[in-house]
Amino acid sequence: MRVPAKLNLQLAVGPPRADGYHDLVTVFHAVSLFDEITARPAERDGVSVSGEGADRVPEDGDNLALRAVAALRAAAAADAGGVHITIAKRIPVAAGLAGGSADAAAALVACNELWGTGLGQPQLLEIAAQVGSDVAFAVLGGTAVGRGRGERLTPALAPATSYHWVLAFADGQLSTPAVYAALDRLRAAEAGGPAAESGGPAAKHGAAEQGSATRHGSAEPVLDAALMSALRSGDARQLGRALSNDLQPAALSLFPALRKTLAAGLELGALGALVSGSGPTCLFLAASADRALDLAASLSGAGVCRSVARATGPVPGAAVVPAVR
Ligand code: ATP
């Protein structure tokens with residue numbers, strides 16, 4: 001299986017709910033940075049992980065891929081034996097690219113094939129949503145609007161435009177719960193009065209101040225009409241201007257060096273720059289494949305990140321690929 005990383009082109013975060021989660025409106029976008037997953041029949045369930053950041057990924061039942069296997073077995077009452085999952089990671093761990101969720105999605109689709117469970121996509125999406133907020137999108141891929149915790153998906157209708165992205169990987173990780181907690185603290189401080197800490201520059205590229213409807217955390221998150229219009233028209237310039245992430249100020253407060261990375265990308269001609277999800281990966285939109293190549297080389301030379309990668313999107317979700325022998 002091959003399964004893509006996700007970017008959030010918009011991430012609007014509502015106030016914390018009673019269960020501790022936040023209601024989201026997000027625009028997911030799958031890009032051509034893939035983990036590779038193999039599922040083989042085995043006596044009992046197991047997982048082995050290699051590649052980028054493998055030492056930080058659990059090789060036991062806590063691995064999201066094995067949780068997905070267990071969820072499928074329970075939901076489908078599959079009379080199947082064990083399965084060994086092998087994960088070759090290329091999606092950096094705890095980088096805001098939902099690599100763990102991607103592996104879970106791949107394991108789900110793989111075992112559905114391996115066991116001949118025969119579940120259709122709607123049923124797989126339901127099981128995926130139980131495993132984690134971003135897992136359903138990794139099954140679906142493409143570009144889609146996510147609501148709820150991000151698991152209620154509507155594919156975005158858009159022309160077949162391919163966008164060129166540059167990803168700047170940071171030297172370090174950010175924990176998703178820590179970033180949400182920082183956002184809650186920043187919003188509480190902001191609601192406390194004008195003297196309160198602002199939490200960093202605008203998350204909305206091009207805005208003098210954060211332009212989100214959820215700025216004070218009191219409003220319900222709202223889908224950005226300008227972003228959807230950019231996607232419908234396939235206009236990369238418009239898309240670059242419309243990228244937004246409510247988590248960005250929180251991520252910057254915990255990882256201030258990212259300001260320099262974002263600023264460098266914009267100075268080097270990116271059409272838009274944003275922290276990806278909960279960070280610390282930064283994403284940049286380029287006008288063409290050539291521009292992306294230039295931008296990646298210049299960012300890499302500027303010393304503002306650990307490494308860079310180029311990717312295009314949208315790409316399909318978790319999919320079987322022919323075995324290479
Ligand atoms: P999120 O999906 O919450 O935005 P992220 O993209 O920042 O997270 P992930 O790479 O998904 O980060 O990893 C988050 C945590 O999940 C890590 O601390 C890691 O130990 C754990 N984890 C469990 N299973 C996996 C897996 N198969 N691959 C990567 N991380 C995993």
# chains A, B, ... in the order shown; residues from 1 in each chain; ligands from 1
$ residues_near_ligand --ligand "ligand 1" --cutoff "7 Å" --atoms "only C-alpha atoms and all ligand atoms" --output "PyMOL selection string"
chain A and resi 56-58+62-65+92-101+103-104+134+174-176+277-279
$ write_last_selection --atoms "C-alpha atoms" --output "PDB file, in the first residue's frame"
ATOM      1  CA  ARG A  56       9.801   7.412  17.590  1.00  0.00           C
ATOM      2  CA  VAL A  57       7.045   5.090  16.369  1.00  0.00           C
ATOM      3  CA  PRO A  58       5.734   2.355  18.719  1.00  0.00           C
ATOM      4  CA  ASP A  62      -0.151   1.481  20.312  1.00  0.00           C
ATOM      5  CA  ASN A  63       0.883   1.741  16.675  1.00  0.00           C
ATOM      6  CA  LEU A  64      -2.074   3.324  14.881  1.00  0.00           C
ATOM      7  CA  ALA A  65      -1.809   0.748  12.083  1.00  0.00           C
ATOM      8  CA  PRO A  92       8.139  12.573   9.207  1.00  0.00           C
ATOM      9  CA  VAL A  93       6.726  11.671  12.641  1.00  0.00           C
ATOM     10  CA  ALA A  94       4.842  14.246  14.746  1.00  0.00           C
ATOM     11  CA  ALA A  95       5.302  16.793  11.971  1.00  0.00           C
ATOM     12  CA  GLY A  96       1.688  17.863  11.392  1.00  0.00           C
ATOM     13  CA  LEU A  97       1.386  15.654   8.310  1.00  0.00           C
ATOM     14  CA  ALA A  98      -0.761  12.905   9.891  1.00  0.00           C
ATOM     15  CA  GLY A  99       1.711  10.114   9.116  1.00  0.00           C
ATOM     16  CA  GLY A 100       0.352   7.852  11.853  1.00  0.00           C
ATOM     17  CA  SER A 101      -3.198   8.312  10.579  1.00  0.00           C
ATOM     18  CA  ASP A 103      -0.487   4.241   8.248  1.00  0.00           C
ATOM     19  CA  ALA A 104      -3.755   3.402  10.004  1.00  0.00           C
ATOM     20  CA  ASP A 134      -7.456  12.182  10.323  1.00  0.00           C
ATOM     21  CA  LEU A 174       5.357  19.317  18.122  1.00  0.00           C
ATOM     22  CA  SER A 175       2.780  17.275  19.986  1.00  0.00           C
ATOM     23  CA  THR A 176      -0.726  17.858  18.626  1.00  0.00           C
ATOM     24  CA  GLY A 277      -1.630  21.319  10.872  1.00  0.00           C
ATOM     25  CA  SER A 278      -0.158  21.366  14.369  1.00  0.00           C
ATOM     26  CA  GLY A 279       3.356  21.808  12.891  1.00  0.00           C
TER      27      GLY A 279
END
$ closest_atom_pairs --of "range 253-278 of chain A" --to "range 291-313 of chain A" --cutoff "10 Å" --atoms "only C-alpha atoms" --output "JSON lines"
{"residue": "A:Ala257", "atom": "CA", "partner": "A:Val304", "partner_atom": "CA", "distance": 8.0}
{"residue": "A:Leu258", "atom": "CA", "partner": "A:Val304", "partner_atom": "CA", "distance": 8.0}
{"residue": "A:Arg259", "atom": "CA", "partner": "A:Val304", "partner_atom": "CA", "distance": 9.5}
{"residue": "A:Lys260", "atom": "CA", "partner": "A:Val304", "partner_atom": "CA", "distance": 6.7}
{"residue": "A:Thr261", "atom": "CA", "partner": "A:Val304", "partner_atom": "CA", "distance": 5.2}
{"residue": "A:Leu262", "atom": "CA", "partner": "A:Val304", "partner_atom": "CA", "distance": 8.9}
{"residue": "A:Ala263", "atom": "CA", "partner": "A:Val304", "partner_atom": "CA", "distance": 9.7}
{"residue": "A:Ala264", "atom": "CA", "partner": "A:Leu299", "partner_atom": "CA", "distance": 7.1}
{"residue": "A:Gly265", "atom": "CA", "partner": "A:Leu299", "partner_atom": "CA", "distance": 6.7}
{"residue": "A:Leu266", "atom": "CA", "partner": "A:Leu295", "partner_atom": "CA", "distance": 9.6}
{"residue": "A:Glu267", "atom": "CA", "partner": "A:Leu295", "partner_atom": "CA", "distance": 10.0}
{"residue": "A:Leu268", "atom": "CA", "partner": "A:Leu295", "partner_atom": "CA", "distance": 6.5}
{"residue": "A:Gly269", "atom": "CA", "partner": "A:Leu295", "partner_atom": "CA", "distance": 7.4}
{"residue": "A:Ala270", "atom": "CA", "partner": "A:Leu295", "partner_atom": "CA", "distance": 7.4}
$ write_last_selection --atoms "all heavy atoms" --output "mmCIF file, in the first residue's frame"
data_model
loop_
_atom_site.group_PDB
_atom_site.id
_atom_site.type_symbol
_atom_site.label_atom_id
_atom_site.label_comp_id
_atom_site.auth_asym_id
_atom_site.auth_seq_id
_atom_site.Cartn_x
_atom_site.Cartn_y
_atom_site.Cartn_z
ATOM 1 N N ALA A 257 11.205 29.427 16.038
ATOM 2 C CA ALA A 257 12.093 29.433 14.865
ATOM 3 C C ALA A 257 11.303 29.301 13.560
ATOM 4 O O ALA A 257 11.802 29.670 12.483
ATOM 5 C CB ALA A 257 13.095 28.298 14.983
ATOM 6 N N LEU A 258 10.080 28.819 13.634
ATOM 7 C CA LEU A 258 9.284 28.629 12.408
ATOM 8 C C LEU A 258 8.943 29.966 11.735
ATOM 9 O O LEU A 258 8.666 30.018 10.543
ATOM 10 C CB LEU A 258 7.990 27.865 12.701
ATOM 11 C CG LEU A 258 8.151 26.452 13.286
ATOM 12 C CD1 LEU A 258 6.799 25.807 13.504
ATOM 13 C CD2 LEU A 258 9.018 25.589 12.362
ATOM 14 N N ARG A 259 8.930 31.057 12.536
ATOM 15 C CA ARG A 259 8.650 32.378 11.931
ATOM 16 C C ARG A 259 9.658 32.669 10.820
ATOM 17 O O ARG A 259 9.308 33.168 9.761
ATOM 18 C CB ARG A 259 8.800 33.495 12.971
ATOM 19 C CG ARG A 259 7.755 33.525 14.019
ATOM 20 C CD ARG A 259 8.224 34.469 15.145
ATOM 21 N NE ARG A 259 7.574 34.121 16.386
ATOM 22 C CZ ARG A 259 6.406 34.592 16.757
ATOM 23 N NH1 ARG A 259 5.771 35.450 16.007
ATOM 24 N NH2 ARG A 259 5.862 34.216 17.885
ATOM 25 N N LYS A 260 10.908 32.345 11.121
ATOM 26 C CA LYS A 260 12.002 32.607 10.175
ATOM 27 C C LYS A 260 11.803 31.757 8.911
ATOM 28 O O LYS A 260 12.036 32.215 7.791
ATOM 29 C CB LYS A 260 13.332 32.226 10.838
ATOM 30 C CG LYS A 260 14.356 33.313 10.800
ATOM 31 C CD LYS A 260 15.577 32.860 11.555
ATOM 32 C CE LYS A 260 16.787 33.616 11.036
ATOM 33 N NZ LYS A 260 18.002 33.180 11.701
ATOM 34 N N THR A 261 11.388 30.521 9.102
ATOM 35 C CA THR A 261 11.185 29.612 7.969
ATOM 36 C C THR A 261 10.081 30.150 7.070
ATOM 37 O O THR A 261 10.238 30.218 5.837
ATOM 38 C CB THR A 261 10.794 28.203 8.493
ATOM 39 O OG1 THR A 261 11.666 27.855 9.560
ATOM 40 C CG2 THR A 261 10.851 27.171 7.394
ATOM 41 N N LEU A 262 8.960 30.552 7.693
ATOM 42 C CA LEU A 262 7.819 31.064 6.902
ATOM 43 C C LEU A 262 8.228 32.326 6.147
ATOM 44 O O LEU A 262 7.937 32.480 4.948
ATOM 45 C CB LEU A 262 6.631 31.366 7.826
ATOM 46 C CG LEU A 262 5.953 30.154 8.475
ATOM 47 C CD1 LEU A 262 4.931 30.615 9.523
ATOM 48 C CD2 LEU A 262 5.273 29.275 7.430
ATOM 49 N N ALA A 263 8.914 33.225 6.860
ATOM 50 C CA ALA A 263 9.316 34.500 6.246
ATOM 51 C C ALA A 263 10.267 34.243 5.073
ATOM 52 O O ALA A 263 10.151 34.868 4.011
ATOM 53 C CB ALA A 263 9.968 35.399 7.286
ATOM 54 N N ALA A 264 11.188 33.294 5.250
ATOM 55 C CA ALA A 264 12.166 33.013 4.187
ATOM 56 C C ALA A 264 11.452 32.508 2.937
ATOM 57 O O ALA A 264 11.749 32.936 1.816
ATOM 58 C CB ALA A 264 13.179 31.980 4.679
ATOM 59 N N GLY A 265 10.488 31.622 3.113
ATOM 60 C CA GLY A 265 9.764 31.061 1.961
ATOM 61 C C GLY A 265 9.034 32.147 1.195
ATOM 62 O O GLY A 265 9.045 32.169 -0.052
ATOM 63 N N LEU A 266 8.391 33.065 1.933
ATOM 64 C CA LEU A 266 7.651 34.149 1.259
ATOM 65 C C LEU A 266 8.616 35.069 0.524
ATOM 66 O O LEU A 266 8.364 35.492 -0.602
ATOM 67 C CB LEU A 266 6.818 34.932 2.277
ATOM 68 C CG LEU A 266 5.596 34.181 2.816
ATOM 69 C CD1 LEU A 266 4.931 34.962 3.949
ATOM 70 C CD2 LEU A 266 4.589 33.901 1.696
ATOM 71 N N GLU A 267 9.739 35.358 1.175
ATOM 72 C CA GLU A 267 10.741 36.221 0.545
ATOM 73 C C GLU A 267 11.284 35.577 -0.734
ATOM 74 O O GLU A 267 11.608 36.266 -1.695
ATOM 75 C CB GLU A 267 11.882 36.413 1.535
ATOM 76 C CG GLU A 267 12.524 37.771 1.471
ATOM 77 C CD GLU A 267 13.241 38.040 2.781
ATOM 78 O OE1 GLU A 267 12.552 38.383 3.764
ATOM 79 O OE2 GLU A 267 14.459 37.852 2.812
ATOM 80 N N LEU A 268 11.343 34.271 -0.745
ATOM 81 C CA LEU A 268 11.888 33.550 -1.904
ATOM 82 C C LEU A 268 10.819 33.323 -2.977
ATOM 83 O O LEU A 268 11.042 32.578 -3.925
ATOM 84 C CB LEU A 268 12.476 32.208 -1.446
ATOM 85 C CG LEU A 268 13.770 32.321 -0.627
ATOM 86 C CD1 LEU A 268 14.087 31.020 0.109
ATOM 87 C CD2 LEU A 268 14.946 32.700 -1.530
ATOM 88 N N GLY A 269 9.643 33.913 -2.795
ATOM 89 C CA GLY A 269 8.659 33.909 -3.878
ATOM 90 C C GLY A 269 7.515 32.919 -3.753
ATOM 91 O O GLY A 269 6.745 32.752 -4.708
ATOM 92 N N ALA A 270 7.367 32.271 -2.596
ATOM 93 C CA ALA A 270 6.229 31.356 -2.433
ATOM 94 C C ALA A 270 4.924 32.145 -2.544
ATOM 95 O O ALA A 270 4.838 33.295 -2.116
ATOM 96 C CB ALA A 270 6.307 30.665 -1.083
#
$ atom_distance --atom1 "CA of Asp60 in chain A" --atom2 "CA of Cys111 in chain A"
17.4 Å
$ closest_residue --among "A:Leu33, A:Met228, A:Ala188, A:Ala168" --to "Thr281 in chain A" --atoms "only C-alpha atoms"
A:Ala168
$ residues_around --residues "range 5-9 of chain A" --least-positions-apart "6" --cutoff "7 Å" --atoms "only C-alpha atoms" --output "count of residues only"
17
$ select_by_dssp --residues "range 66-286 of chain A" --states "alpha helix (DSSP H)" --output "VMD selection string"
chain A and resid 66 to 76 99 to 114 121 to 131 135 to 140 176 to 191 225 to 233 236 to 242 248 to 254 258 to 267
$ residues_around --residues "Leu254 in chain A" --least-positions-apart "3" --cutoff "8 Å" --atoms "only C-alpha atoms" --output "list in words"
Val179, Ala182, Ala250 and Ala251 of chain A
$ closest_residue --among "A:Leu274, A:Ala156, A:Leu72, A:Ala319" --to "Ser229 in chain A" --atoms "only C-alpha atoms"
A:Ala156
$ residues_around --residues "Pro221 in chain A" --least-positions-apart "3" --cutoff "6 Å" --atoms "only C-alpha atoms" --output "list of chain:residue names"
A:Ala12, A:Val13, A:Gly14, A:Val25, A:Thr214
$ closest_residue --among "A:Leu119, A:Ala273, A:Leu66, A:Ile127" --to "Leu285 in chain A" --atoms "only C-alpha atoms"
A:Ala273
$ residues_around --residues "range 37-40 of chain A" --least-positions-apart "6" --cutoff "12 Å" --atoms "only C-alpha atoms" --output "ChimeraX atom specification"
/A:1-4,46-51,65-66,69,80-90,99-100,102-115,318-324
$ write_last_selection --atoms "N, CA and C atoms" --output "short mmCIF file (atom, residue, chain, number, x, y, z; two decimals), in the first residue's frame"
data_model
loop_
_atom_site.label_atom_id
_atom_site.label_comp_id
_atom_site.auth_asym_id
_atom_site.auth_seq_id
_atom_site.Cartn_x
_atom_site.Cartn_y
_atom_site.Cartn_z
N MET A 1 0.85 -1.17 0.00
CA MET A 1 0.00 0.00 0.00
C MET A 1 0.89 1.23 0.00
N ARG A 2 0.36 2.26 -0.61
CA ARG A 2 1.03 3.56 -0.59
C ARG A 2 0.00 4.53 -0.03
N VAL A 3 0.39 5.36 0.92
CA VAL A 3 -0.59 6.26 1.54
C VAL A 3 0.04 7.65 1.73
N PRO A 4 -0.71 8.69 1.37
CA PRO A 4 -0.12 10.03 1.34
C PRO A 4 -0.19 10.79 2.67
N GLY A 46 1.43 -8.00 14.47
CA GLY A 46 2.70 -7.37 14.80
C GLY A 46 2.98 -6.26 13.81
N VAL A 47 3.98 -5.42 14.14
CA VAL A 47 4.32 -4.31 13.25
C VAL A 47 5.81 -4.06 13.32
N SER A 48 6.43 -3.77 12.20
CA SER A 48 7.81 -3.29 12.22
C SER A 48 7.90 -2.03 11.38
N VAL A 49 8.72 -1.11 11.86
CA VAL A 49 8.78 0.23 11.26
C VAL A 49 10.21 0.56 10.89
N SER A 50 10.42 1.10 9.69
CA SER A 50 11.75 1.56 9.29
C SER A 50 11.61 2.94 8.65
N GLY A 51 12.75 3.58 8.41
CA GLY A 51 12.73 4.85 7.69
C GLY A 51 12.67 6.06 8.60
N ALA A 65 -1.49 1.75 13.11
CA ALA A 65 -1.81 0.75 12.08
C ALA A 65 -2.41 -0.50 12.74
N LEU A 66 -1.84 -0.91 13.87
CA LEU A 66 -2.39 -2.10 14.55
C LEU A 66 -3.75 -1.79 15.18
N VAL A 69 -6.14 -2.31 12.45
CA VAL A 69 -6.35 -3.74 12.20
C VAL A 69 -7.38 -4.28 13.20
N ALA A 80 -10.43 -13.85 10.62
CA ALA A 80 -9.12 -13.84 9.96
C ALA A 80 -8.04 -14.12 10.99
N GLY A 81 -6.91 -14.57 10.51
CA GLY A 81 -5.77 -14.80 11.40
C GLY A 81 -5.08 -13.48 11.69
N GLY A 82 -3.85 -13.61 12.20
CA GLY A 82 -3.10 -12.41 12.51
C GLY A 82 -2.53 -11.77 11.25
N VAL A 83 -1.95 -10.60 11.42
CA VAL A 83 -1.36 -9.91 10.28
C VAL A 83 -0.11 -9.18 10.76
N HIS A 84 0.93 -9.24 9.95
CA HIS A 84 2.12 -8.45 10.27
C HIS A 84 2.19 -7.27 9.30
N ILE A 85 2.27 -6.07 9.90
CA ILE A 85 2.33 -4.84 9.10
C ILE A 85 3.77 -4.34 9.09
N THR A 86 4.27 -4.07 7.90
CA THR A 86 5.60 -3.46 7.76
C THR A 86 5.41 -2.04 7.24
N ILE A 87 5.99 -1.09 7.94
CA ILE A 87 5.82 0.33 7.55
C ILE A 87 7.17 0.91 7.18
N ALA A 88 7.28 1.43 5.96
CA ALA A 88 8.48 2.18 5.56
C ALA A 88 8.07 3.65 5.58
N LYS A 89 8.60 4.38 6.59
CA LYS A 89 8.15 5.76 6.76
C LYS A 89 8.97 6.74 5.92
N ARG A 90 8.23 7.57 5.20
CA ARG A 90 8.85 8.73 4.55
C ARG A 90 8.20 10.00 5.07
N GLY A 99 1.09 11.36 9.57
CA GLY A 99 1.71 10.11 9.12
C GLY A 99 1.15 8.89 9.82
N GLY A 100 0.90 8.99 11.11
CA GLY A 100 0.35 7.85 11.85
C GLY A 100 -1.04 7.50 11.35
N ALA A 102 -2.14 8.10 8.40
CA ALA A 102 -1.97 7.54 7.06
C ALA A 102 -1.69 6.04 7.16
N ASP A 103 -0.81 5.67 8.09
CA ASP A 103 -0.49 4.24 8.25
C ASP A 103 -1.72 3.46 8.68
N ALA A 104 -2.53 4.07 9.55
CA ALA A 104 -3.76 3.40 10.00
C ALA A 104 -4.70 3.19 8.82
N ALA A 105 -4.83 4.19 7.98
CA ALA A 105 -5.72 4.09 6.81
C ALA A 105 -5.24 2.98 5.87
N ALA A 106 -3.92 2.93 5.66
CA ALA A 106 -3.36 1.92 4.76
C ALA A 106 -3.60 0.52 5.32
N ALA A 107 -3.40 0.37 6.64
CA ALA A 107 -3.59 -0.95 7.26
C ALA A 107 -5.04 -1.39 7.12
N LEU A 108 -5.94 -0.45 7.27
CA LEU A 108 -7.38 -0.74 7.16
C LEU A 108 -7.73 -1.24 5.75
N VAL A 109 -7.29 -0.50 4.76
CA VAL A 109 -7.59 -0.86 3.37
C VAL A 109 -6.88 -2.17 3.01
N ALA A 110 -5.64 -2.33 3.50
CA ALA A 110 -4.87 -3.55 3.20
C ALA A 110 -5.56 -4.79 3.77
N CYS A 111 -5.99 -4.72 5.02
CA CYS A 111 -6.59 -5.90 5.65
C CYS A 111 -7.97 -6.19 5.05
N ASN A 112 -8.65 -5.16 4.63
CA ASN A 112 -9.93 -5.37 3.94
C ASN A 112 -9.70 -6.21 2.68
N GLU A 113 -8.59 -5.95 2.00
CA GLU A 113 -8.22 -6.73 0.79
C GLU A 113 -7.75 -8.13 1.18
N LEU A 114 -6.80 -8.15 2.13
CA LEU A 114 -6.16 -9.42 2.52
C LEU A 114 -7.17 -10.43 3.03
N TRP A 115 -8.11 -9.98 3.82
CA TRP A 115 -9.10 -10.88 4.43
C TRP A 115 -10.33 -11.06 3.55
N ALA A 318 -5.15 6.05 0.41
CA ALA A 318 -4.47 4.75 0.54
C ALA A 318 -4.82 3.84 -0.62
N ALA A 319 -3.80 3.31 -1.30
CA ALA A 319 -4.06 2.48 -2.48
C ALA A 319 -3.06 1.35 -2.57
N VAL A 320 -3.53 0.24 -3.11
CA VAL A 320 -2.65 -0.91 -3.33
C VAL A 320 -1.73 -0.58 -4.50
N VAL A 321 -0.46 -0.88 -4.33
CA VAL A 321 0.48 -0.73 -5.47
C VAL A 321 1.05 -2.10 -5.78
N PRO A 322 1.39 -2.35 -7.03
CA PRO A 322 1.95 -3.66 -7.37
C PRO A 322 3.26 -3.88 -6.60
N ALA A 323 3.47 -5.10 -6.13
CA ALA A 323 4.68 -5.40 -5.37
C ALA A 323 5.90 -5.30 -6.28
N VAL A 324 6.96 -4.69 -5.77
CA VAL A 324 8.22 -4.61 -6.53
C VAL A 324 9.14 -5.71 -5.98
#
$ closest_residue --among "A:Leu271, A:Ala18, A:Leu24, A:Ala181" --to "Glu151 in chain A" --atoms "only C-alpha atoms"
A:Leu24
$ residues_around --residues "Ala236 in chain A" --least-positions-apart "2" --cutoff "10 Å" --atoms "only C-alpha atoms" --output "list of chain:residue names"
A:Thr161, A:Ser162, A:Tyr163, A:His164, A:Ala230, A:Leu231, A:Ser233, A:Gly234, A:Gln238, A:Leu239, A:Gly240, A:Arg241, A:Ala242, A:Leu271, A:Gly272, A:Leu285, A:Ala286, A:Ala287, A:Ser288
$ atom_distance --atom1 "CA of Glu220 in chain A" --atom2 "CA of Pro316 in chain A"
29.7 Å
$ decode --residues "range 275-301 of chain A" --atoms "C-alpha atoms" --output "compact mmCIF listing (two decimals), in the first residue's frame"
# COMPACT_ATOMS: atom_id res chain seq x y z
CA VAL A 275 2.43 25.89 9.31
CA SER A 276 1.05 22.47 8.40
CA GLY A 277 -1.63 21.32 10.87
CA SER A 278 -0.16 21.37 14.37
CA GLY A 279 3.36 21.81 12.89
CA PRO A 280 6.26 22.05 12.92
CA THR A 281 6.42 21.34 9.15
CA CYS A 282 5.94 24.51 7.07
CA LEU A 283 4.29 24.32 3.66
CA PHE A 284 4.84 26.64 0.73
CA LEU A 285 2.87 26.87 -2.51
CA ALA A 286 4.89 27.46 -5.68
CA ALA A 287 3.61 28.74 -9.03
CA SER A 288 5.04 25.84 -11.05
CA ALA A 289 7.21 22.73 -10.83
CA ASP A 290 10.28 24.81 -11.75
CA ARG A 291 9.50 27.42 -9.11
CA ALA A 292 9.08 24.67 -6.55
CA LEU A 293 12.51 23.29 -7.47
CA ASP A 294 14.10 26.75 -7.07
CA LEU A 295 12.27 27.40 -3.83
CA ALA A 296 13.26 24.03 -2.36
CA ALA A 297 16.92 24.60 -3.27
CA SER A 298 16.95 28.14 -1.85
CA LEU A 299 15.14 27.19 1.36
CA SER A 300 17.51 24.32 1.86
CA GLY A 301 20.49 26.67 1.39
